[in-house]
Amino acid sequence: MSLLEVENLRTHFISRDIDNQIRVAEALNDVSFTLEAGKVLGFVGETGAGKSLTAQSICGLLRPPAKVICGRVTFDGHDLTAMPADDLNALRGAEIAMVVQNPRTSLDPLTRIVDQLVRIHQAHAGGPLAASRTRAMEMMEAVGIPDPKNRANAWPHELSGGMAQRVLIAMALMNNPKLLIADEPTTGLDVTVQAQILDLLKHLTERFGMAMIIITHDLGIVAHYSDEIAVMFAGTIVEAGPVSEVFEAPGHPYTRSLIAATPERLKVGGGAKLGGQPPDLYNLPSGCALRTRCVFASDVCATPPPRTRVGPDHDVNCHFAGDLPS
Ligand SMILES: Nc1ncnc2c1ncn2[C@@H]1O[C@H](COP(=O)(O)OP(=O)(O)O)[C@@H](O)[C@H]1O
Ligand SMILES: [Mg+2]
């Protein structure tokens, strides 16, 4: 059994327009993937593709008008979609932890760093306060905060962006999670700090045996830090597989366009940058959502593309999977 199994997840935004007609944005459309314990999965795709929504749907963090319409999420043998809200809350922050972008806004500005770490440990693990404080010091050390004894009493506004992100990662680690979801964890940080934070996350997954989902719009980050990749477009995973497989033989026109848009060292043949705008989720084209922008599209693309296996654990959702010119 895999640590995380997501099957046919659909998330919609349901609202009413000014004429009181129901409007539905099909934001996630049949998202399925699995993640093994200890592995790193990179989710990549343009802004609005549904990466954050996938994470929020898994963790039960959706706010109206977003709603999971169907699908199943199984984590460590538990069906999260059927779990009572209280149990899911207990799981989140303990077994599954999240790190998001803009770390400063995720910290409580009125609470000293150490007290925020202690608070999250107390909320889930309980036990003596002194034990939580010891754990807080250990985790500050683990995330490379220099001089943790003195930094522990700092206020969030006294930290640099990189330090704030390290604190957020320490918070995520406090309860020894099996899965860490890092949603654009380095967006907005200086380039040198970005690399340090990503190296740290990778190191921590190995040290603590955690699995990680890393969400990014940067294919280079996925190439460097992940074992597996899932490429998202318009709420669908269009290609998934081991990173080495997918980079060597990208099978979906969208993946090829992403690779074509990245720096030279990662380029492979057959890709051209896509033109056009992301599709309107309230009015998706039938069949393949990419077809209005895809140079390979033909009439058959108006029907849903099948998921096709093109290599070991390597799947592509395209009518022409495996048949595209290389
Ligand atoms: N309240 C809402 N109503 C309708 N659509 C929304 C709402 N909030 C977000 N969306 C849409 O959901 C899609 C997925 O968003 P998101 O998961 O945040 O994308 P990503 O993280 O890949 O950039 C986006 O196209 C966004 O416009
Ligand atoms: Mg996002």
# chains A, B, ... in the order shown; residues from 1 in each chain; ligands from 1
call {"tool": "residues_near_ligand", "arguments": {"ligand": "ligand 2", "cutoff": "7 Å", "atoms": "only C-alpha atoms and all ligand atoms", "output": "list of chain:residue names"}}
result
A:Thr47, A:Gly48, A:Gly50, A:Lys51, A:Ser52, A:Asp183, A:Glu184
call {"tool": "select_by_dssp", "arguments": {"residues": "stretch 86-283 of chain A", "states": "alpha helix (DSSP H)", "output": "ChimeraX atom specification"}}
result
/A:86-91,103-106,113-124,129-142,148-151,161-173,191-208,219-225,243-248,253-260
call {"tool": "atom_distance", "arguments": {"atom1": "atom CA of A:Ile113", "atom2": "atom CA of A:Asn153"}}
result
6.0 Å
call {"tool": "residues_around", "arguments": {"residues": "A:Pro250", "least_positions_apart": "4", "cutoff": "10 Å", "atoms": "only C-alpha atoms", "output": "list in words"}}
result
Glu239, Ala240, Gly241, Val243, Ser244, Glu245, Val246, Tyr254, Thr255, Arg256, Ser257, Leu258, Ile259, Val268, Gly269, Gly270, Gly271, Val310, His314, Asp315, Val316, Ala321, Gly322, Leu324 and Ser326 of chain A
call {"tool": "residues_near_ligand", "arguments": {"ligand": "ligand 1", "cutoff": "10 Å", "atoms": "only C-alpha atoms and all ligand atoms", "output": "ChimeraX atom specification"}}
result
/A:11-15,23-28,43-57,62-66,183-184,215-217,232-235,278-282
call {"tool": "write_last_selection", "arguments": {"atoms": "C-alpha atoms", "output": "PDB file, in the first residue's frame"}}
result
ATOM      1  CA  THR A  11     -13.006  19.769  -7.058  1.00  0.00           C
ATOM      2  CA  HIS A  12     -15.406  22.400  -8.327  1.00  0.00           C
ATOM      3  CA  PHE A  13     -16.187  25.999  -7.487  1.00  0.00           C
ATOM      4  CA  ILE A  14     -19.949  26.367  -7.453  1.00  0.00           C
ATOM      5  CA  SER A  15     -21.414  29.843  -7.424  1.00  0.00           C
ATOM      6  CA  ARG A  23     -21.887  28.511 -12.467  1.00  0.00           C
ATOM      7  CA  VAL A  24     -19.417  25.685 -12.091  1.00  0.00           C
ATOM      8  CA  ALA A  25     -15.654  26.012 -12.452  1.00  0.00           C
ATOM      9  CA  GLU A  26     -14.163  22.576 -12.990  1.00  0.00           C
ATOM     10  CA  ALA A  27     -10.940  23.292 -11.161  1.00  0.00           C
ATOM     11  CA  LEU A  28      -9.783  19.712 -10.561  1.00  0.00           C
ATOM     12  CA  PHE A  43       3.903  18.908  -8.876  1.00  0.00           C
ATOM     13  CA  VAL A  44       4.534  21.317 -11.701  1.00  0.00           C
ATOM     14  CA  GLY A  45       2.340  23.433 -13.969  1.00  0.00           C
ATOM     15  CA  GLU A  46       1.496  27.027 -14.805  1.00  0.00           C
ATOM     16  CA  THR A  47      -0.227  29.333 -12.327  1.00  0.00           C
ATOM     17  CA  GLY A  48      -3.884  28.358 -12.000  1.00  0.00           C
ATOM     18  CA  ALA A  49      -3.296  24.735 -13.024  1.00  0.00           C
ATOM     19  CA  GLY A  50      -4.724  23.473  -9.731  1.00  0.00           C
ATOM     20  CA  LYS A  51      -1.587  22.543  -7.808  1.00  0.00           C
ATOM     21  CA  SER A  52      -2.489  24.303  -4.554  1.00  0.00           C
ATOM     22  CA  LEU A  53      -6.083  23.188  -4.891  1.00  0.00           C
ATOM     23  CA  THR A  54      -4.901  19.578  -5.094  1.00  0.00           C
ATOM     24  CA  ALA A  55      -2.984  20.021  -1.827  1.00  0.00           C
ATOM     25  CA  GLN A  56      -5.943  21.738  -0.161  1.00  0.00           C
ATOM     26  CA  SER A  57      -8.369  19.077  -1.375  1.00  0.00           C
ATOM     27  CA  LEU A  62     -10.969  23.885   0.978  1.00  0.00           C
ATOM     28  CA  ARG A  63     -13.170  26.885   1.664  1.00  0.00           C
ATOM     29  CA  PRO A  64     -16.529  27.467  -0.016  1.00  0.00           C
ATOM     30  CA  PRO A  65     -17.318  27.839  -2.873  1.00  0.00           C
ATOM     31  CA  ALA A  66     -14.705  25.138  -3.483  1.00  0.00           C
ATOM     32  CA  ASP A 183       3.569  24.631  -1.728  1.00  0.00           C
ATOM     33  CA  GLU A 184       5.924  27.009  -3.568  1.00  0.00           C
ATOM     34  CA  ILE A 215       4.611  22.203  -5.581  1.00  0.00           C
ATOM     35  CA  THR A 216       6.298  24.616  -7.945  1.00  0.00           C
ATOM     36  CA  HIS A 217       5.976  26.307 -11.330  1.00  0.00           C
ATOM     37  CA  MET A 232      -0.676  19.560 -14.224  1.00  0.00           C
ATOM     38  CA  PHE A 233      -2.649  21.461 -16.788  1.00  0.00           C
ATOM     39  CA  ALA A 234      -6.146  22.905 -16.281  1.00  0.00           C
ATOM     40  CA  GLY A 235      -6.899  20.737 -13.262  1.00  0.00           C
ATOM     41  CA  PRO A 278      -4.906  29.204 -19.745  1.00  0.00           C
ATOM     42  CA  PRO A 279      -8.386  27.793 -20.416  1.00  0.00           C
ATOM     43  CA  ASP A 280     -11.496  29.190 -18.739  1.00  0.00           C
ATOM     44  CA  LEU A 281     -12.399  26.699 -15.999  1.00  0.00           C
ATOM     45  CA  TYR A 282     -16.075  27.756 -16.292  1.00  0.00           C
TER      46      TYR A 282
END
call {"tool": "closest_atom_pairs", "arguments": {"of": "stretch 53-160 of chain A", "to": "stretch 164-175 of chain A", "cutoff": "8 Å", "atoms": "only C-alpha atoms", "output": "Markdown table"}}
result
| residue | atom | partner | partner_atom | distance |
| --- | --- | --- | --- | --- |
| A:Gly93 | CA | A:Ala172 | CA | 6.7 |
| A:Ala94 | CA | A:Asn175 | CA | 4.9 |
| A:Glu95 | CA | A:Asn175 | CA | 7.2 |
| A:Ala97 | CA | A:Ala172 | CA | 5.2 |
| A:Met98 | CA | A:Ala172 | CA | 6.3 |
| A:Val99 | CA | A:Ile169 | CA | 6.3 |
| A:Asn102 | CA | A:Gln165 | CA | 7.9 |
| A:Pro103 | CA | A:Gln165 | CA | 5.1 |
| A:Arg104 | CA | A:Ala164 | CA | 6.0 |
| A:Ser106 | CA | A:Leu168 | CA | 7.8 |
| A:Leu107 | CA | A:Leu168 | CA | 7.4 |
| A:Ile113 | CA | A:Val167 | CA | 7.4 |
| A:Gln116 | CA | A:Met171 | CA | 7.6 |
| A:Leu117 | CA | A:Met171 | CA | 5.4 |
| A:Ile120 | CA | A:Met171 | CA | 7.0 |
| A:His121 | CA | A:Met174 | CA | 5.9 |
| A:His124 | CA | A:Asn175 | CA | 7.3 |
| A:Ala125 | CA | A:Asn175 | CA | 7.0 |
| A:Arg135 | CA | A:Met174 | CA | 7.0 |
| A:Ala136 | CA | A:Met174 | CA | 6.9 |
| A:Met139 | CA | A:Ala170 | CA | 5.3 |
| A:Met140 | CA | A:Ala170 | CA | 5.9 |
| A:Ala142 | CA | A:Ala170 | CA | 7.6 |
| A:Val143 | CA | A:Arg166 | CA | 5.8 |
| A:Gly144 | CA | A:Arg166 | CA | 7.4 |
| A:Ile145 | CA | A:Arg166 | CA | 7.1 |
| A:Pro156 | CA | A:Ala164 | CA | 6.9 |
| A:Leu159 | CA | A:Ala164 | CA | 5.7 |
| A:Ser160 | CA | A:Ala164 | CA | 6.1 |
call {"tool": "write_last_selection", "arguments": {"atoms": "N, CA and C atoms", "output": "compact mmCIF listing (two decimals), in the first residue's frame"}}
result
# COMPACT_ATOMS: atom_id res chain seq x y z
N GLY A 93 -1.15 18.66 10.47
CA GLY A 93 -0.29 19.29 11.47
C GLY A 93 0.48 18.26 12.27
N ALA A 94 0.07 17.01 12.15
CA ALA A 94 0.81 15.93 12.81
C ALA A 94 1.37 14.99 11.76
N GLU A 95 0.49 14.15 11.20
CA GLU A 95 0.95 13.17 10.20
C GLU A 95 1.22 13.83 8.84
N ALA A 97 1.95 17.58 7.24
CA ALA A 97 2.23 18.97 7.57
C ALA A 97 2.42 19.75 6.28
N MET A 98 2.16 21.04 6.36
CA MET A 98 2.26 21.87 5.17
C MET A 98 3.18 23.06 5.38
N VAL A 99 3.92 23.39 4.35
CA VAL A 99 4.73 24.60 4.34
C VAL A 99 4.29 25.39 3.11
N ASN A 102 5.35 32.73 1.33
CA ASN A 102 5.19 33.88 2.21
C ASN A 102 5.15 33.47 3.68
N PRO A 103 6.27 32.91 4.16
CA PRO A 103 6.30 32.38 5.52
C PRO A 103 5.90 33.40 6.58
N ARG A 104 6.24 34.68 6.35
CA ARG A 104 5.96 35.66 7.42
C ARG A 104 4.47 35.77 7.70
N SER A 106 2.38 33.46 7.50
CA SER A 106 1.88 32.24 8.12
C SER A 106 2.24 32.14 9.59
N LEU A 107 3.13 33.02 10.03
CA LEU A 107 3.50 33.01 11.45
C LEU A 107 2.59 33.98 12.20
N ILE A 113 8.78 32.94 18.55
CA ILE A 113 9.02 31.75 17.74
C ILE A 113 8.87 30.46 18.55
N GLN A 116 5.39 29.41 19.33
CA GLN A 116 4.62 28.87 18.20
C GLN A 116 4.96 27.41 17.96
N LEU A 117 6.25 27.09 18.13
CA LEU A 117 6.68 25.70 17.97
C LEU A 117 6.07 24.83 19.08
N ILE A 120 2.19 24.14 18.61
CA ILE A 120 1.76 23.12 17.63
C ILE A 120 2.06 21.71 18.15
N HIS A 121 3.12 21.60 18.94
CA HIS A 121 3.45 20.30 19.54
C HIS A 121 2.43 19.94 20.61
N HIS A 124 -1.03 18.70 19.32
CA HIS A 124 -1.15 17.36 18.76
C HIS A 124 -0.59 16.28 19.69
N ALA A 125 0.62 16.50 20.20
CA ALA A 125 1.27 15.46 21.00
C ALA A 125 0.95 15.60 22.49
N ARG A 135 11.96 19.71 22.27
CA ARG A 135 11.73 19.35 20.87
C ARG A 135 11.85 20.60 19.97
N ALA A 136 11.33 21.72 20.43
CA ALA A 136 11.41 22.97 19.65
C ALA A 136 12.87 23.33 19.38
N MET A 139 14.33 20.96 16.79
CA MET A 139 13.87 21.21 15.43
C MET A 139 14.45 22.51 14.87
N MET A 140 14.65 23.52 15.73
CA MET A 140 15.30 24.75 15.26
C MET A 140 16.73 24.44 14.81
N ALA A 142 17.67 21.48 13.71
CA ALA A 142 17.57 20.63 12.51
C ALA A 142 17.37 21.46 11.24
N VAL A 143 16.68 22.59 11.36
CA VAL A 143 16.43 23.41 10.17
C VAL A 143 17.50 24.49 9.98
N GLY A 144 18.56 24.40 10.78
CA GLY A 144 19.72 25.27 10.55
C GLY A 144 19.51 26.69 11.02
N ILE A 145 18.75 26.90 12.08
CA ILE A 145 18.66 28.23 12.66
C ILE A 145 19.85 28.42 13.59
N PRO A 156 8.40 37.13 15.06
CA PRO A 156 8.44 36.88 13.60
C PRO A 156 8.99 38.06 12.79
N LEU A 159 12.75 38.28 11.87
CA LEU A 159 13.40 37.26 11.03
C LEU A 159 13.44 37.69 9.58
N SER A 160 14.51 37.28 8.87
CA SER A 160 14.55 37.44 7.41
C SER A 160 13.56 36.43 6.80
call {"tool": "atom_distance", "arguments": {"atom1": "atom CA of A:Leu179", "atom2": "atom CA of A:Ser226"}}
result
14.1 Å
call {"tool": "decode", "arguments": {"residues": "stretch 65-79 of chain A", "atoms": "N, CA and C atoms", "output": "tab-separated table (two decimals), in the first residue's frame"}}
result
chain	number	residue	atom	x	y	z
A	65	PRO	N	-16.46	28.77	-2.13
A	65	PRO	CA	-17.32	27.84	-2.87
A	65	PRO	C	-16.61	26.61	-3.43
A	66	ALA	N	-15.38	26.33	-2.98
A	66	ALA	CA	-14.71	25.14	-3.48
A	66	ALA	C	-15.24	23.90	-2.77
A	67	LYS	N	-15.42	22.83	-3.52
A	67	LYS	CA	-15.97	21.63	-2.92
A	67	LYS	C	-15.45	20.40	-3.65
A	68	VAL	N	-15.06	19.38	-2.89
A	68	VAL	CA	-14.70	18.11	-3.50
A	68	VAL	C	-15.99	17.43	-3.94
A	69	ILE	N	-16.12	17.16	-5.23
A	69	ILE	CA	-17.35	16.59	-5.79
A	69	ILE	C	-17.31	15.07	-5.70
A	70	CYS	N	-16.18	14.51	-6.02
A	70	CYS	CA	-16.03	13.07	-5.87
A	70	CYS	C	-14.55	12.72	-5.83
A	71	GLY	N	-14.28	11.46	-5.60
A	71	GLY	CA	-12.90	11.00	-5.53
A	71	GLY	C	-12.56	10.53	-4.15
A	72	ARG	N	-11.41	9.86	-4.04
A	72	ARG	CA	-11.01	9.31	-2.77
A	72	ARG	C	-9.55	9.62	-2.47
A	73	VAL	N	-9.27	9.97	-1.22
A	73	VAL	CA	-7.90	10.20	-0.79
A	73	VAL	C	-7.61	9.24	0.35
A	74	THR	N	-6.65	8.35	0.16
A	74	THR	CA	-6.28	7.41	1.21
A	74	THR	C	-4.87	7.74	1.67
A	75	PHE	N	-4.73	8.02	2.98
A	75	PHE	CA	-3.42	8.34	3.53
A	75	PHE	C	-3.10	7.33	4.62
A	76	ASP	N	-2.01	6.60	4.44
A	76	ASP	CA	-1.57	5.64	5.44
A	76	ASP	C	-2.71	4.71	5.87
A	77	GLY	N	-3.52	4.32	4.89
A	77	GLY	CA	-4.62	3.40	5.17
A	77	GLY	C	-5.92	4.05	5.60
A	78	HIS	N	-5.91	5.38	5.85
A	78	HIS	CA	-7.13	6.06	6.27
A	78	HIS	C	-7.78	6.76	5.07
A	79	ASP	N	-9.09	6.63	4.97
A	79	ASP	CA	-9.83	7.32	3.91
A	79	ASP	C	-10.11	8.75	4.38
